[in-house]
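K.L.:
My file is target.cif. It has mmCIF, C-alpha atoms:
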data_start
#
loop_
_atom_site.label_atom_id
_atom_site.label_comp_id
_atom_site.auth_asym_id
_atom_site.auth_seq_id
_atom_site.Cartn_x
_atom_site.Cartn_y
_atom_site.Cartn_z
CA MET A 1 23.46 117.58 -33.44
CA VAL A 2 23.44 117.19 -29.65
CA ALA A 3 24.44 113.54 -29.93
CA SER A 4 27.55 114.37 -32.00
CA GLN A 5 28.62 117.25 -29.76
CA LYS A 6 29.81 115.13 -26.86
CA PRO A 7 32.38 113.10 -28.85
CA ASP A 8 33.78 116.34 -30.31
CA ASN A 9 34.13 117.81 -26.81
CA VAL A 10 35.76 114.64 -25.50
CA ALA A 11 38.18 114.63 -28.44
CA ALA A 12 39.08 118.28 -27.77
CA VAL A 13 39.79 117.55 -24.10
CA MET A 14 41.96 114.58 -25.07
CA LYS A 15 43.95 116.79 -27.45
CA VAL A 16 44.47 119.41 -24.75
CA PHE A 17 45.86 116.81 -22.36
CA ALA A 18 48.02 115.32 -25.12
CA ILE A 19 49.51 118.78 -25.68
CA LEU A 20 50.08 119.25 -21.94
CA GLU A 21 51.81 115.87 -21.73
CA GLY A 22 53.97 116.80 -24.71
CA LEU A 23 54.95 120.05 -23.01
CA ALA A 24 55.76 118.16 -19.81
CA GLU A 25 58.23 115.87 -21.59
CA GLN A 26 60.83 118.59 -22.17
CA PRO A 27 61.50 122.14 -20.91
CA SER A 28 60.60 123.88 -24.19
CA ILE A 29 59.29 122.62 -27.52
CA GLY A 30 58.38 123.98 -30.93
CA LEU A 31 54.94 123.85 -32.47
CA SER A 32 55.80 121.28 -35.16
CA GLU A 33 57.36 118.80 -32.76
CA LEU A 34 54.59 119.30 -30.22
CA SER A 35 51.88 118.68 -32.79
CA GLN A 36 53.64 115.46 -33.82
CA ARG A 37 54.00 114.25 -30.24
CA SER A 38 50.38 115.00 -29.44
CA PHE A 39 49.08 113.59 -32.74
CA THR A 40 47.35 116.91 -33.38
CA SER A 41 47.40 119.14 -36.44
CA LYS A 42 49.56 122.25 -36.19
CA SER A 43 46.55 124.54 -36.55
CA THR A 44 44.66 122.79 -33.75
CA ALA A 45 47.71 122.67 -31.47
CA TYR A 46 48.35 126.37 -32.12
CA ARG A 47 44.75 127.28 -31.26
CA PHE A 48 44.83 125.35 -28.00
CA LEU A 49 48.24 126.76 -27.08
CA GLN A 50 47.01 130.33 -27.51
CA THR A 51 44.14 129.60 -25.11
CA MET A 52 46.53 128.00 -22.62
CA LYS A 53 48.75 131.12 -22.84
CA GLU A 54 45.77 133.35 -22.09
CA LEU A 55 44.89 131.19 -19.06
CA GLY A 56 48.47 131.31 -17.78
CA TYR A 57 49.35 127.63 -18.18
CA VAL A 58 51.82 128.10 -21.06
CA VAL A 59 54.44 130.69 -22.00
CA GLN A 60 56.12 131.25 -25.37
CA GLU A 61 59.76 132.25 -25.69
CA GLU A 62 60.17 135.40 -27.78
CA GLU A 63 63.39 134.43 -29.59
CA THR A 64 62.73 130.75 -30.34
CA GLU A 65 58.92 130.87 -30.29
CA LYS A 66 59.03 127.58 -28.39
CA TYR A 67 56.42 126.77 -25.77
CA ALA A 68 56.85 125.78 -22.12
CA LEU A 69 54.63 125.07 -19.15
CA THR A 70 54.31 127.61 -16.34
CA LEU A 71 54.09 126.73 -12.63
CA LYS A 72 50.32 127.11 -12.67
CA LEU A 73 49.78 123.37 -13.13
CA PHE A 74 52.20 122.73 -10.27
CA GLU A 75 50.14 125.10 -8.11
CA LEU A 76 46.94 123.24 -8.98
CA GLY A 77 48.53 119.89 -8.23
CA GLY A 78 50.02 121.15 -4.99
CA ALA A 79 46.68 122.53 -3.85
CA ALA A 80 44.94 119.27 -4.66
CA LEU A 81 47.56 117.24 -2.77
CA GLU A 82 47.35 119.57 0.21
CA ASN A 83 43.57 119.19 0.38
CA VAL A 84 43.81 115.42 0.20
CA ASP A 85 46.43 115.39 2.95
CA MET A 86 44.36 117.75 5.07
CA ILE A 87 41.23 115.63 4.78
CA GLN A 88 43.19 112.50 5.64
CA LEU A 89 44.77 114.20 8.64
CA ALA A 90 41.44 115.68 9.73
CA ASN A 91 39.63 112.37 9.43
CA THR A 92 41.44 110.85 12.41
CA GLU A 93 40.74 113.84 14.62
CA MET A 94 37.14 114.16 13.46
CA ARG A 95 36.50 110.51 14.21
CA ALA A 96 37.86 111.01 17.74
CA LEU A 97 35.66 114.10 18.20
CA SER A 98 32.67 112.13 17.00
CA GLU A 99 33.38 109.30 19.44
CA ASN A 100 33.85 111.75 22.33
CA THR A 101 30.80 113.92 21.69
CA HIS A 102 28.48 111.83 19.48
CA GLU A 103 27.61 115.09 17.72
CA ALA A 104 28.05 116.28 14.11
CA ILE A 105 31.62 117.19 13.11
CA HIS A 106 32.48 119.15 9.96
CA LEU A 107 35.56 120.25 8.04
CA GLY A 108 35.03 123.21 5.72
CA ALA A 109 36.91 125.72 3.58
CA LEU A 110 36.09 128.96 1.78
CA ASP A 111 34.93 128.69 -1.81
CA GLU A 112 36.50 130.64 -4.66
CA ASP A 113 34.69 133.92 -3.94
CA GLY A 114 35.01 133.65 -0.16
CA GLN A 115 31.28 134.14 0.35
CA HIS A 116 30.49 130.54 1.21
CA ILE A 117 31.83 127.65 3.22
CA VAL A 118 32.12 124.33 1.39
CA TYR A 119 31.80 121.18 3.49
CA LEU A 120 34.83 118.98 2.72
CA HIS A 121 34.30 116.15 5.20
CA LYS A 122 31.92 115.25 8.00
CA TYR A 123 30.90 112.81 10.70
CA ASP A 124 27.18 112.63 11.35
CA SER A 125 25.67 112.82 14.80
CA HIS A 126 24.93 109.53 16.53
CA PHE A 127 21.47 110.85 17.37
CA ASN A 128 18.32 111.06 15.26
CA LEU A 129 17.85 114.76 16.05
CA CYS A 130 20.81 116.43 14.33
CA MET A 131 22.03 119.03 11.86
CA ASN A 132 21.37 118.23 8.19
CA SER A 133 24.41 118.55 5.93
CA ARG A 134 26.23 116.93 3.05
CA ILE A 135 29.76 117.00 1.64
CA GLY A 136 30.00 119.62 -1.10
CA ARG A 137 27.18 121.72 0.29
CA ARG A 138 27.77 125.49 0.51
CA SER A 139 26.62 127.72 3.34
CA PRO A 140 27.01 131.50 3.77
CA VAL A 141 30.10 132.68 5.65
CA TYR A 142 28.18 135.24 7.71
CA SER A 143 25.81 132.74 9.33
CA THR A 144 28.18 129.83 10.02
CA ALA A 145 30.79 129.33 12.72
CA MET A 146 33.28 127.96 10.17
CA GLY A 147 32.66 130.92 7.88
CA LYS A 148 33.30 133.44 10.63
CA THR A 149 36.39 131.48 11.68
CA LEU A 150 37.98 131.79 8.26
CA LEU A 151 36.92 135.41 7.78
CA ALA A 152 38.75 136.18 11.02
CA TRP A 153 42.07 134.94 9.60
CA ILE A 154 42.12 136.73 6.29
CA ASP A 155 43.13 140.33 5.79
CA GLU A 156 40.57 142.65 7.38
CA SER A 157 40.07 144.67 4.21
CA LYS A 158 39.55 141.46 2.23
CA ALA A 159 37.02 140.19 4.78
CA ARG A 160 35.14 143.47 4.57
CA GLN A 161 35.18 143.35 0.77
CA ILE A 162 33.74 139.83 0.81
CA LEU A 163 30.96 140.83 3.18
CA GLU A 164 30.13 144.04 1.32
CA THR A 165 29.54 142.04 -1.86
CA THR A 166 27.49 139.37 -0.07
CA GLU A 167 23.71 139.26 -0.07
CA PHE A 168 22.64 138.88 3.56
CA ILE A 169 19.58 136.70 4.11
CA ALA A 170 18.00 136.38 7.56
CA ARG A 171 17.59 132.62 7.76
CA THR A 172 16.57 132.89 11.41
CA PRO A 173 15.82 135.77 13.82
CA HIS A 174 19.43 135.38 15.07
CA THR A 175 21.20 135.72 11.69
CA LEU A 176 23.75 138.54 11.43
CA THR A 177 22.56 140.67 8.52
CA SER A 178 25.19 143.36 8.04
CA THR A 179 28.88 143.69 7.30
CA GLU A 180 29.52 145.54 10.57
CA ALA A 181 27.72 142.93 12.68
CA VAL A 182 30.03 140.21 11.35
CA MET A 183 33.18 142.36 11.38
CA ASN A 184 32.56 143.22 15.05
CA GLU A 185 32.85 139.54 15.99
CA LEU A 186 36.12 138.86 14.16
CA PRO A 187 38.62 140.41 16.63
CA GLU A 188 37.33 138.25 19.49
CA ILE A 189 37.39 135.18 17.27
CA ARG A 190 41.05 135.85 16.41
CA ARG A 191 41.87 136.44 20.09
CA THR A 192 40.26 133.30 21.46
CA GLY A 193 40.43 131.06 18.39
CA VAL A 194 36.74 130.15 18.63
CA ALA A 195 33.79 131.20 16.48
CA GLU A 196 30.19 130.42 17.28
CA ASP A 197 26.94 130.11 15.38
CA ARG A 198 24.11 130.82 17.81
CA GLU A 199 21.13 129.54 15.80
CA GLU A 200 22.17 131.91 13.00
CA ALA A 201 22.03 129.37 10.16
CA GLU A 202 19.32 127.07 11.48
CA LEU A 203 16.91 127.44 14.37
CA GLY A 204 17.65 125.00 17.15
CA VAL A 205 21.31 124.42 16.15
CA ARG A 206 24.47 125.86 17.72
CA CYS A 207 27.99 125.37 16.38
CA LEU A 208 31.52 125.95 17.65
CA SER A 209 34.45 126.22 15.24
CA VAL A 210 38.25 126.54 15.28
CA PRO A 211 40.76 127.12 12.45
CA VAL A 212 43.17 124.74 10.72
CA PHE A 213 46.46 126.30 9.58
CA ASP A 214 48.90 125.24 6.89
CA ARG A 215 52.68 125.38 7.27
CA PHE A 216 52.69 129.07 6.33
CA GLY A 217 50.25 129.97 9.12
CA LYS A 218 47.35 130.49 6.71
CA ALA A 219 43.92 129.36 7.90
CA VAL A 220 43.01 126.93 5.13
CA ALA A 221 40.04 125.24 6.76
CA ALA A 222 37.88 125.11 9.87
CA LEU A 223 36.62 122.35 12.13
CA SER A 224 33.21 122.59 13.74
CA LEU A 225 31.11 120.81 16.33
CA SER A 226 27.33 121.18 15.97
CA PHE A 227 24.59 120.60 18.54
CA PRO A 228 20.82 120.81 18.66
CA ILE A 229 20.20 123.33 21.46
CA VAL A 230 18.28 120.68 23.41
CA ARG A 231 21.60 118.80 23.85
CA TYR A 232 23.95 121.78 24.12
CA ASP A 233 25.32 122.13 27.65
CA GLU A 234 26.73 125.62 28.25
CA GLN A 235 28.60 124.36 31.31
CA LYS A 236 30.56 122.01 29.02
CA ARG A 237 31.45 124.70 26.49
CA ASP A 238 35.08 124.92 27.64
CA GLU A 239 35.37 121.14 27.34
CA TYR A 240 33.98 121.25 23.80
CA VAL A 241 36.36 124.05 22.86
CA GLN A 242 39.39 122.19 24.23
CA LEU A 243 38.45 119.10 22.23
CA LEU A 244 38.21 121.24 19.10
CA PHE A 245 41.51 122.98 19.88
CA LYS A 246 43.32 119.67 20.25
CA ALA A 247 41.89 118.46 16.95
CA GLY A 248 42.72 121.72 15.16
CA GLN A 249 46.22 121.73 16.64
CA ARG A 250 46.97 118.16 15.54
CA VAL A 251 45.69 118.68 12.00
CA SER A 252 47.62 121.96 11.73
CA SER A 253 50.74 120.27 13.09
CA GLY A 254 50.38 117.58 10.44
CA LEU A 255 50.33 120.36 7.84
CA GLY A 256 53.51 121.87 9.30
CA PHE A 257 52.14 124.56 11.65
CA HIS A 258 53.24 124.28 15.30
CA GLU A 259 52.19 127.56 16.95
CA TYR A 260 48.56 126.80 17.67
CA LYS A 261 47.93 128.99 20.73
CA PHE A 262 45.08 131.31 21.67
CA ALA A 263 43.95 133.46 24.59
CA ASP A 264 41.75 131.95 27.27
CA PRO A 265 38.15 132.59 26.08
CA LEU A 266 37.22 133.48 29.66
CA ASP A 267 40.01 136.06 29.94
CA ALA A 268 38.56 139.39 28.87
CA SER A 269 41.78 141.31 29.50
#
Would you write the structure of this file as structure tokens?
P.N.:
Amino acid sequence: MVASQKPDNVAAVMKVFAILEGLAEQPSIGLSELSQRSFTSKSTAYRFLQTMKELGYVVQEEETEKYALTLKLFELGGAALENVDMIQLANTEMRALSENTHEAIHLGALDEDGQHIVYLHKYDSHFNLCMNSRIGRRSPVYSTAMGKTLLAWIDESKARQILETTEFIARTPHTLTSTEAVMNELPEIRRTGVAEDREEAELGVRCLSVPVFDRFGKAVAALSLSFPIVRYDEQKRDEYVQLLFKAGQRVSSGLGFHEYKFADPLDAS
């Protein structure tokens, strides 16, 4: 039974895409014509179309009962293209950061529930002693510099809601373990543009992070620079931050955002 299940599932997926392609060929289409174009029985096409309606990918006209695609597929495609463009844009800047610092460089974004950062791209440190990471890995927002960066640029009530539904785990003695502890850092992060992980995710590792904005001014990702504390030079912090700012500014500019300016981190006024 297990062996025959996979072909059935594959066939169902192929029928779904055949229906979607049929819908894409003209603005609106009736069930009979669509089933013919997709080489699918009317009953099967109807069943799939009802599911697509529930998911928001298809609408049905009341008078003609014809079916049409919504913009949801366009939104998915646009989001995918934007992520590809962003990674391509970020790659050049991340490579330059890697060559300048020899340390680990990461690009990350919030996952669907906002409680984790997902690593989208990275450059490993040139040294043997370095931060362990992999593309696709998820890390909690409250204990990562990139997570705090992106929390700082979403609506405050939304950030609080995310944190209040998050399970805080003290991964090190330095981990922030409450909603208020994280929320208290966000105004300064927004003011200066820089978030920091001070051995909060992993003992012996510090990270600096800055945002990446899309053309609408939304923080869609974050760039980070990670150091083992034995190589972190506090006197060079401003230099590290400026390198990150330049990278974040160039990637954001490539995405259509040109107002990448923050307060001087040393200016407490």
K.L.:
List as a ChimeraX atom specification the protein and nucleic acid residues near Ile162 in chain A, meaning an atom at most 7 Å away when only C-alpha atoms are counted, but skip any in the same chain fewer than 3 places from it.
P.N.:
/A:114-115,158-159,165-166
K.L.:
Env of Pro211 in chain A: 12 Å cut, atoms = all atoms listed in the file, seq-sep filter 4 positions within chain, self excluded. Answer as a short mmCIF file (atom, residue, chain, number, x, y, z; two decimals) with C-alpha atoms, in the coordinates of the input.
P.N.:
data_model
loop_
_atom_site.label_atom_id
_atom_site.label_comp_id
_atom_site.auth_asym_id
_atom_site.auth_seq_id
_atom_site.Cartn_x
_atom_site.Cartn_y
_atom_site.Cartn_z
CA ALA A 90 41.44 115.68 9.73
CA HIS A 106 32.48 119.15 9.96
CA LEU A 107 35.56 120.25 8.04
CA GLY A 108 35.03 123.21 5.72
CA ALA A 109 36.91 125.72 3.58
CA LEU A 110 36.09 128.96 1.78
CA ALA A 145 30.79 129.33 12.72
CA MET A 146 33.28 127.96 10.17
CA GLY A 147 32.66 130.92 7.88
CA LYS A 148 33.30 133.44 10.63
CA THR A 149 36.39 131.48 11.68
CA LEU A 150 37.98 131.79 8.26
CA LEU A 151 36.92 135.41 7.78
CA ALA A 152 38.75 136.18 11.02
CA TRP A 153 42.07 134.94 9.60
CA ILE A 154 42.12 136.73 6.29
CA ILE A 189 37.39 135.18 17.27
CA ARG A 190 41.05 135.85 16.41
CA THR A 192 40.26 133.30 21.46
CA GLY A 193 40.43 131.06 18.39
CA VAL A 194 36.74 130.15 18.63
CA ALA A 195 33.79 131.20 16.48
CA GLY A 217 50.25 129.97 9.12
CA LYS A 218 47.35 130.49 6.71
CA ALA A 219 43.92 129.36 7.90
CA VAL A 220 43.01 126.93 5.13
CA ALA A 221 40.04 125.24 6.76
CA ALA A 222 37.88 125.11 9.87
CA LEU A 223 36.62 122.35 12.13
CA SER A 224 33.21 122.59 13.74
CA VAL A 241 36.36 124.05 22.86
CA LEU A 244 38.21 121.24 19.10
CA PHE A 245 41.51 122.98 19.88
CA LYS A 246 43.32 119.67 20.25
CA ALA A 247 41.89 118.46 16.95
CA GLY A 248 42.72 121.72 15.16
CA GLN A 249 46.22 121.73 16.64
CA ARG A 250 46.97 118.16 15.54
CA VAL A 251 45.69 118.68 12.00
CA SER A 252 47.62 121.96 11.73
CA PHE A 257 52.14 124.56 11.65
CA TYR A 260 48.56 126.80 17.67
CA LYS A 261 47.93 128.99 20.73
CA PHE A 262 45.08 131.31 21.67
#
K.L.:
Once the PyMOL selection byres ((chain A and resi 255) around 9) is applied to the coordinates I shared, what remains selected? I want it as a list in words.
P.N.:
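Taken on the displayed file, the PyMOL selection byres ((chain A and resi 255) around 9) yields the residues Glu82, Asp85, Met86, Leu89, Val212, Phe213, Asp214, Arg215, Arg250, Val251, Ser252, Ser253, Gly254, Gly256, Phe257 and His258 of chain A.
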K.L.:
Kindly indicate which residue among A:Tyr57, A:Ala45, A:Arg171, A:Glu93 lies nearest to Phe74 in chain A, using all atoms listed in the file for the distances.
P.N.:
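With all atoms listed in the file as the atom set, the closest residue is A:Tyr57.
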K.L.:
Please return the centre and edge lengths, in Å to one decimal, of a box with edges along x, y and z that contains all listed atoms of range 245-261 of chain A, widened by 6 Å on every side, as AutoDock Vina command-line options.
P.N.:
--center_x 47.5 --center_y 123.3 --center_z 14.3 --size_x 24.0 --size_y 23.4 --size_z 24.9
K.L.:
Rounded to one decimal, what separation in Å do you get between CA of Ile169 in chain A and CA of Phe227 in chain A?
P.N.:
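We find that CA of Ile169 in chain A and CA of Phe227 in chain A lie 22.2 Å from each other.
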K.L.:
Between CA of Leu225 in chain A and CA of Ile87 in chain A, what distance in Å does the model show, to one decimal?
P.N.:
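Going from CA of Leu225 in chain A over to CA of Ile87 in chain A covers 16.2 Å.
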K.L.:
Will you model all heavy atoms for range 18-29 of chain A and pass it back as a PDB file, keeping the file's coordinate frame?
P.N.:
ATOM      1  N   ALA A  18      46.878 115.814 -24.339  1.00  0.00           N
ATOM      2  CA  ALA A  18      48.020 115.320 -25.120  1.00  0.00           C
ATOM      3  C   ALA A  18      49.059 116.415 -25.302  1.00  0.00           C
ATOM      4  O   ALA A  18      50.270 116.171 -25.218  1.00  0.00           O
ATOM      5  CB  ALA A  18      47.536 114.807 -26.477  1.00  0.00           C
ATOM      6  N   ILE A  19      48.598 117.639 -25.536  1.00  0.00           N
ATOM      7  CA  ILE A  19      49.510 118.780 -25.680  1.00  0.00           C
ATOM      8  C   ILE A  19      50.219 119.049 -24.352  1.00  0.00           C
ATOM      9  O   ILE A  19      51.437 119.283 -24.316  1.00  0.00           O
ATOM     10  CB  ILE A  19      48.744 120.020 -26.163  1.00  0.00           C
ATOM     11  CG1 ILE A  19      48.287 119.814 -27.609  1.00  0.00           C
ATOM     12  CG2 ILE A  19      49.608 121.277 -26.051  1.00  0.00           C
ATOM     13  CD1 ILE A  19      47.313 120.858 -28.107  1.00  0.00           C
ATOM     14  N   LEU A  20      49.471 119.023 -23.250  1.00  0.00           N
ATOM     15  CA  LEU A  20      50.080 119.250 -21.940  1.00  0.00           C
ATOM     16  C   LEU A  20      51.136 118.190 -21.635  1.00  0.00           C
ATOM     17  O   LEU A  20      52.209 118.501 -21.114  1.00  0.00           O
ATOM     18  CB  LEU A  20      48.994 119.233 -20.856  1.00  0.00           C
ATOM     19  CG  LEU A  20      48.059 120.444 -20.810  1.00  0.00           C
ATOM     20  CD1 LEU A  20      46.934 120.208 -19.804  1.00  0.00           C
ATOM     21  CD2 LEU A  20      48.825 121.707 -20.444  1.00  0.00           C
ATOM     22  N   GLU A  21      50.837 116.942 -21.966  1.00  0.00           N
ATOM     23  CA  GLU A  21      51.810 115.870 -21.730  1.00  0.00           C
ATOM     24  C   GLU A  21      53.051 116.051 -22.598  1.00  0.00           C
ATOM     25  O   GLU A  21      54.173 115.789 -22.154  1.00  0.00           O
ATOM     26  CB  GLU A  21      51.151 114.516 -21.981  1.00  0.00           C
ATOM     27  CG  GLU A  21      50.123 114.141 -20.912  1.00  0.00           C
ATOM     28  CD  GLU A  21      49.345 112.880 -21.266  1.00  0.00           C
ATOM     29  OE1 GLU A  21      49.558 112.340 -22.379  1.00  0.00           O
ATOM     30  OE2 GLU A  21      48.520 112.443 -20.440  1.00  0.00           O
ATOM     31  N   GLY A  22      52.840 116.520 -23.838  1.00  0.00           N
ATOM     32  CA  GLY A  22      53.970 116.800 -24.710  1.00  0.00           C
ATOM     33  C   GLY A  22      54.839 117.916 -24.156  1.00  0.00           C
ATOM     34  O   GLY A  22      56.075 117.838 -24.190  1.00  0.00           O
ATOM     35  N   LEU A  23      54.215 118.943 -23.628  1.00  0.00           N
ATOM     36  CA  LEU A  23      54.950 120.050 -23.010  1.00  0.00           C
ATOM     37  C   LEU A  23      55.709 119.596 -21.778  1.00  0.00           C
ATOM     38  O   LEU A  23      56.777 120.132 -21.457  1.00  0.00           O
ATOM     39  CB  LEU A  23      53.982 121.176 -22.645  1.00  0.00           C
ATOM     40  CG  LEU A  23      53.418 121.999 -23.805  1.00  0.00           C
ATOM     41  CD1 LEU A  23      52.213 122.802 -23.346  1.00  0.00           C
ATOM     42  CD2 LEU A  23      54.487 122.925 -24.367  1.00  0.00           C
ATOM     43  N   ALA A  24      55.140 118.629 -21.048  1.00  0.00           N
ATOM     44  CA  ALA A  24      55.760 118.160 -19.810  1.00  0.00           C
ATOM     45  C   ALA A  24      57.001 117.304 -20.067  1.00  0.00           C
ATOM     46  O   ALA A  24      57.828 117.117 -19.175  1.00  0.00           O
ATOM     47  CB  ALA A  24      54.745 117.374 -18.989  1.00  0.00           C
ATOM     48  N   GLU A  25      57.135 116.786 -21.292  1.00  0.00           N
ATOM     49  CA  GLU A  25      58.230 115.870 -21.590  1.00  0.00           C
ATOM     50  C   GLU A  25      59.576 116.566 -21.753  1.00  0.00           C
ATOM     51  O   GLU A  25      60.621 115.931 -21.621  1.00  0.00           O
ATOM     52  CB  GLU A  25      57.897 115.056 -22.845  1.00  0.00           C
ATOM     53  CG  GLU A  25      56.787 114.035 -22.602  1.00  0.00           C
ATOM     54  CD  GLU A  25      56.382 113.312 -23.882  1.00  0.00           C
ATOM     55  OE1 GLU A  25      56.950 113.635 -24.956  1.00  0.00           O
ATOM     56  OE2 GLU A  25      55.510 112.434 -23.811  1.00  0.00           O
ATOM     57  N   GLN A  26      59.570 117.851 -22.068  1.00  0.00           N
ATOM     58  CA  GLN A  26      60.830 118.590 -22.170  1.00  0.00           C
ATOM     59  C   GLN A  26      60.586 120.055 -21.838  1.00  0.00           C
ATOM     60  O   GLN A  26      59.465 120.548 -21.950  1.00  0.00           O
ATOM     61  CB  GLN A  26      61.430 118.434 -23.561  1.00  0.00           C
ATOM     62  CG  GLN A  26      60.634 119.014 -24.695  1.00  0.00           C
ATOM     63  CD  GLN A  26      61.284 118.719 -26.040  1.00  0.00           C
ATOM     64  OE1 GLN A  26      61.277 117.576 -26.483  1.00  0.00           O
ATOM     65  NE2 GLN A  26      61.859 119.723 -26.675  1.00  0.00           N
ATOM     66  N   PRO A  27      61.656 120.772 -21.405  1.00  0.00           N
ATOM     67  CA  PRO A  27      61.500 122.140 -20.910  1.00  0.00           C
ATOM     68  C   PRO A  27      60.835 123.087 -21.903  1.00  0.00           C
ATOM     69  O   PRO A  27      60.015 123.914 -21.540  1.00  0.00           O
ATOM     70  CB  PRO A  27      62.929 122.571 -20.592  1.00  0.00           C
ATOM     71  CG  PRO A  27      63.662 121.291 -20.364  1.00  0.00           C
ATOM     72  CD  PRO A  27      63.040 120.298 -21.290  1.00  0.00           C
ATOM     73  N   SER A  28      61.219 123.024 -23.184  1.00  0.00           N
ATOM     74  CA  SER A  28      60.600 123.880 -24.190  1.00  0.00           C
ATOM     75  C   SER A  28      60.543 123.112 -25.507  1.00  0.00           C
ATOM     76  O   SER A  28      61.408 122.274 -25.792  1.00  0.00           O
ATOM     77  CB  SER A  28      61.372 125.187 -24.362  1.00  0.00           C
ATOM     78  OG  SER A  28      62.680 124.942 -24.848  1.00  0.00           O
ATOM     79  N   ILE A  29      59.525 123.425 -26.320  1.00  0.00           N
ATOM     80  CA  ILE A  29      59.290 122.620 -27.520  1.00  0.00           C
ATOM     81  C   ILE A  29      58.619 123.487 -28.582  1.00  0.00           C
ATOM     82  O   ILE A  29      57.811 124.370 -28.269  1.00  0.00           O
ATOM     83  CB  ILE A  29      58.428 121.386 -27.167  1.00  0.00           C
ATOM     84  CG1 ILE A  29      58.290 120.442 -28.363  1.00  0.00           C
ATOM     85  CG2 ILE A  29      57.078 121.795 -26.623  1.00  0.00           C
ATOM     86  CD1 ILE A  29      57.645 119.114 -28.005  1.00  0.00           C
TER      87      ILE A  29
END
